[in-house]
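Peer 1: Let me give you the structure first, and then I'll get to my questions.
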Amino acid sequence: MKLEDYSWIVLLLPLAAAAIITLFTQRHGKLSAQISIAAVATSFLLSLFLLITLRETSHAISAINWLAIGNLKVEIGLRLDHLSLLMLLIVTGVGGAIHVYSWGYMQADRCVSRYFASLSLFTFSMLGIVLANNFVMMFIFWELVGVSSYLLIGFWYEKASAADAAKKAFITNRLGDFGFLLGIILIWATLGSVEFDALKTTLAAHPAALGSMAGVAGLLIFCGAMGKSAQFPLHVWLPDAMEGPTPVSALIHAATMVAAGVYMLCRVFFLYEAAPAWPECLAFLNGITALNIISWIGGFTALLAALIAVQQNDIKRILAYSTLSQLGYMVMAVGLAAPGAGMFHLTTHAFFKALLFLGAGSVIHALHHEQDIWKMGGLKKKMPVTFWTFLVGTLALCGVPPFSGFYSKDAILAAAADPVHGNVGLFILAVLVAALTTFYMFRLIFVAFLGPVKDQAVDQALESPGIMVWPLRLLAVPSVLAGFWGLELFIGGAFGETAHALSWHEKIFAPLNHSPLAALFGLFATMVGLGAAWQLYAKAVQDPLPEKLGLLSRAMRNRFYFDEIYRVLIAITHELLSRLANWFDRWIVAGLMVRGTHGTTELFGRALRLAQTGNLQTYAFLFAAGVVLVLWFVLGH
Amino acid sequence: MNVGLEHYLLVSAALFSLGLLGVIMRRNLLVIYMSLELMLNAANLALVAFSRFNNNLDGQVMVFFIITVAAAEVSVGLALIVALYRKRASAHVEDLTTMKL
């Protein structure tokens, strides 16, 4: 057995766990949880082992042929390189912590087995995306992730809002996936392969191999990322997905699934390095590359979500919009031709956002499912561990040095300030978002943890049990340290960047040497945000912003009315389409075709029936007449 | 007067037409049945005449077969008619319209 073949075990263990739980241990919640946790923990250890042994190799592939139809050859192949090894570690590592935490959080639930089966299925699907070595396999697991996310968001399916949110997430994702599938077909049709390695070689040899479809293919593939990573205009599903259990929000809607889009963009980044070109009908896009469009969509999403987050009151929704905003950052980084920076931020974000979500879950658990931050306050004294770890996550998210977020955010800001690929507009936007991020996160901290107690429920709050607190502590460690571990250089290896070794104390100050402008602006933005939040919320009992901003605040609170706009738009188009379909069905299909066929047949039947008298002699007469006719024809001519 | 082939054929055609007319016009099943026999014999007559005037015995052999088959047919047909009469107490074609649904 070669070394890379162990990755099959990493992939299949969670699936086995899901199968065993579903088939055998439905009734034993504790056993199910143990199986699920054991599977993901073993996967984690194996991933760690693979990372350590394979870190020097550029990539290794273990594949079996799956199907071959004509020119289309599809493998089920696992690709191990820097990118996938790192992502394996995130999925199984953060996932493992969340599995453990879930046992604490979900213990009281009746259907805890179903929960852990779905969680394991999700882990399996996510690992499939990470390890896939071709587009078709990636797409299959892409859809599987969609399904397991549906199962988990709608876990409390008795609640109408949860069931609706699950449907919304699934359908919105399908919209993006449709584009993704079209992109895959387009690439296969023009380049004749779906395998990443083969595609990369082809495109490296002939950068113009995609011809005038390069831009379109890039955008179609991006559609998939737009759905999964919840980029504008498909961002609406993510905040609603918070209806699922909080550990699910942490695992799927913060650390892993939503990162899949960014990961996929990094994985196929070579597509975007091809010569940009547009077909005739899109000639107005000449001069703009697909990457430009992607970067602006990312930047816009980041700003939009940050603005909305400022005026949300539900602790999970604040974090959800924050996730959207950070995903916008990552997508923007990819669009700025810095996939390394995007992956770096993805990694650090996975740690601290999972930490923040689990912290929020701990608070929600302690307050008996109260999620409104204006009914909290003073939780610092009641829940010290949750508070301190939450603070660590917040500082990392806001980009305070030396927390991990500082380094990854700085890498993105540096990419935006880059003289070649950068863009001044996006740089300003990114700095603004950084300030907003600090502002809304410290608003949350001040209102929920520090400020005056606003509700009696807080007095009864207790720190969560050890099984929930330990994952918080565990996740806090990488949230602090991940920045200067040299992760960036490790990821850079995946994109062929040369690594130059720095000692760890040099790494701490690397951003200031590397791109002082970006680092200083980032720090300045953080301080502005912190100052503003302190000014407004340090002692606030109710939100002062609605008075100051008026209409804008209301728009932010109502998420800029996106859901309402979509509802109206969908109502109009859907209504129109259904009317059209109804008319077509009623008049063309049912009327003309079904009833038409039936009508003419019946008419002929009725006419022919008249000829059938049942009288023997009439038949004989007709027969004789016929014979005469035939004879006349044969002999007469 | 010299009797030629066409005279025989004319008689045969007349007999055949009379038989057909009987089949179409008459009401009684038995009469219809006899008319059918008449048509068969008209055909026999034509065959024998052709055989005689062409100096070829094939036609006469054919006639023997026809007579044999006709005898068999008559017995089956008469049996059917008797059965029908017992069941319906009528041998008129107007009463036999069960072919019409």
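In the structure tokens, each chain is lettered A, B, ... as it comes, each chain's residues begin at 1, and ligands are numbered from 1 in order of appearance.
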Once you count only C-alpha atoms, which residues of chain B turn out to be within 9 Å of chain A? Could you give them as a list in words?
Peer 2: Leu20, Leu21, Val23, Ile24, Met25, Arg26, Arg27, Val93, Glu94, Asp95, Leu96, Thr97, Thr98, Met99, Lys100 and Leu101 of chain B
Peer 1: Run DSSP on the backbone and grab whatever in range 321-502 of chain A lands in alpha helix (DSSP H); send it over as a ChimeraX atom specification.
Peer 2: /A:321-335,339-366,379-382,384-398,404-417,424-444,466-481,487-492
Peer 1: Residues near Leu391 in chain A, anyone? I mean within 9 Å using only C-alpha atoms, not counting same-chain ones fewer than 5 positions away, as a list in words.
Peer 2: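 So, after excluding close chain neighbours, the residues are Leu356, Thr386, Ala396 and Ile445 of chain A.
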Peer 1: Keeping C-alpha atoms, export the residues of the selection given above as a tab-separated table (two decimals), in the first residue's frame.
Peer 2:
chain	number	residue	atom	x	y	z
A	356	LEU	CA	-16.92	32.26	17.58
A	386	THR	CA	-16.63	31.35	26.86
A	396	ALA	CA	-8.48	37.32	15.40
A	445	ILE	CA	-18.81	41.91	22.75
Peer 1: Please measure the separation of CA of Glu73 in chain B and CA of Gln60 in chain B, giving the value in Å to one decimal.
Peer 2: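 Interatomic distance, CA of Glu73 in chain B to CA of Gln60 in chain B: 19.6 Å.
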Peer 1: Calculate how many Å separate CA of Ala411 in chain A from CA of Leu432 in chain A, rounding to one decimal.
Peer 2: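 Separating CA of Ala411 in chain A from CA of Leu432 in chain A is a distance of 15.8 Å.
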Peer 1: Within 9 Å of Lys380 in chain A, counting only C-alpha atoms, which residues show up once you throw out same-chain ones fewer than 5 positions away? Write them as an mmCIF file with C-alpha atoms, in the first residue's frame, please.
Peer 2:
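The result, stored in around_6.cif:
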data_model
loop_
_atom_site.group_PDB
_atom_site.id
_atom_site.type_symbol
_atom_site.label_atom_id
_atom_site.label_comp_id
_atom_site.auth_asym_id
_atom_site.auth_seq_id
_atom_site.Cartn_x
_atom_site.Cartn_y
_atom_site.Cartn_z
ATOM 1 C CA VAL A 385 -14.076 30.664 29.542
ATOM 2 C CA THR A 386 -16.633 31.354 26.861
ATOM 3 C CA PHE A 387 -15.937 35.064 27.139
ATOM 4 C CA TRP A 388 -12.156 34.836 26.897
ATOM 5 C CA ALA A 448 -23.553 40.739 25.180
ATOM 6 C CA PHE A 449 -20.565 40.175 27.423
ATOM 7 C CA LEU A 450 -19.490 43.433 29.047
#
Peer 1: Just the residues within 8 Å of range 2-10 of chain B, please, counting only C-alpha atoms, with nothing from its chain fewer than 6 positions along; format it as number ranges by chain.
Peer 2: B: 45-46, 49-50, 53
Peer 1: With a distance cut-off of 7 Å and only C-alpha atoms, select the neighbouring residues of Val63 in chain B, excluding the residue or stretch itself and same-chain residues fewer than 4 positions from it, and output the selection as a ChimeraX atom specification.
Peer 2: /B:44,47,59,67
Peer 1: Env of Phe406 in chain A: 12 Å cut, atoms = only C-alpha atoms, seq-sep filter 6 positions within chain, self excluded. Answer as a PyMOL selection string.
Peer 2: chain A and resi 341+344-345+348-349+352+393-400+412-414+434+438+479-484+508-512+518-523+525-526
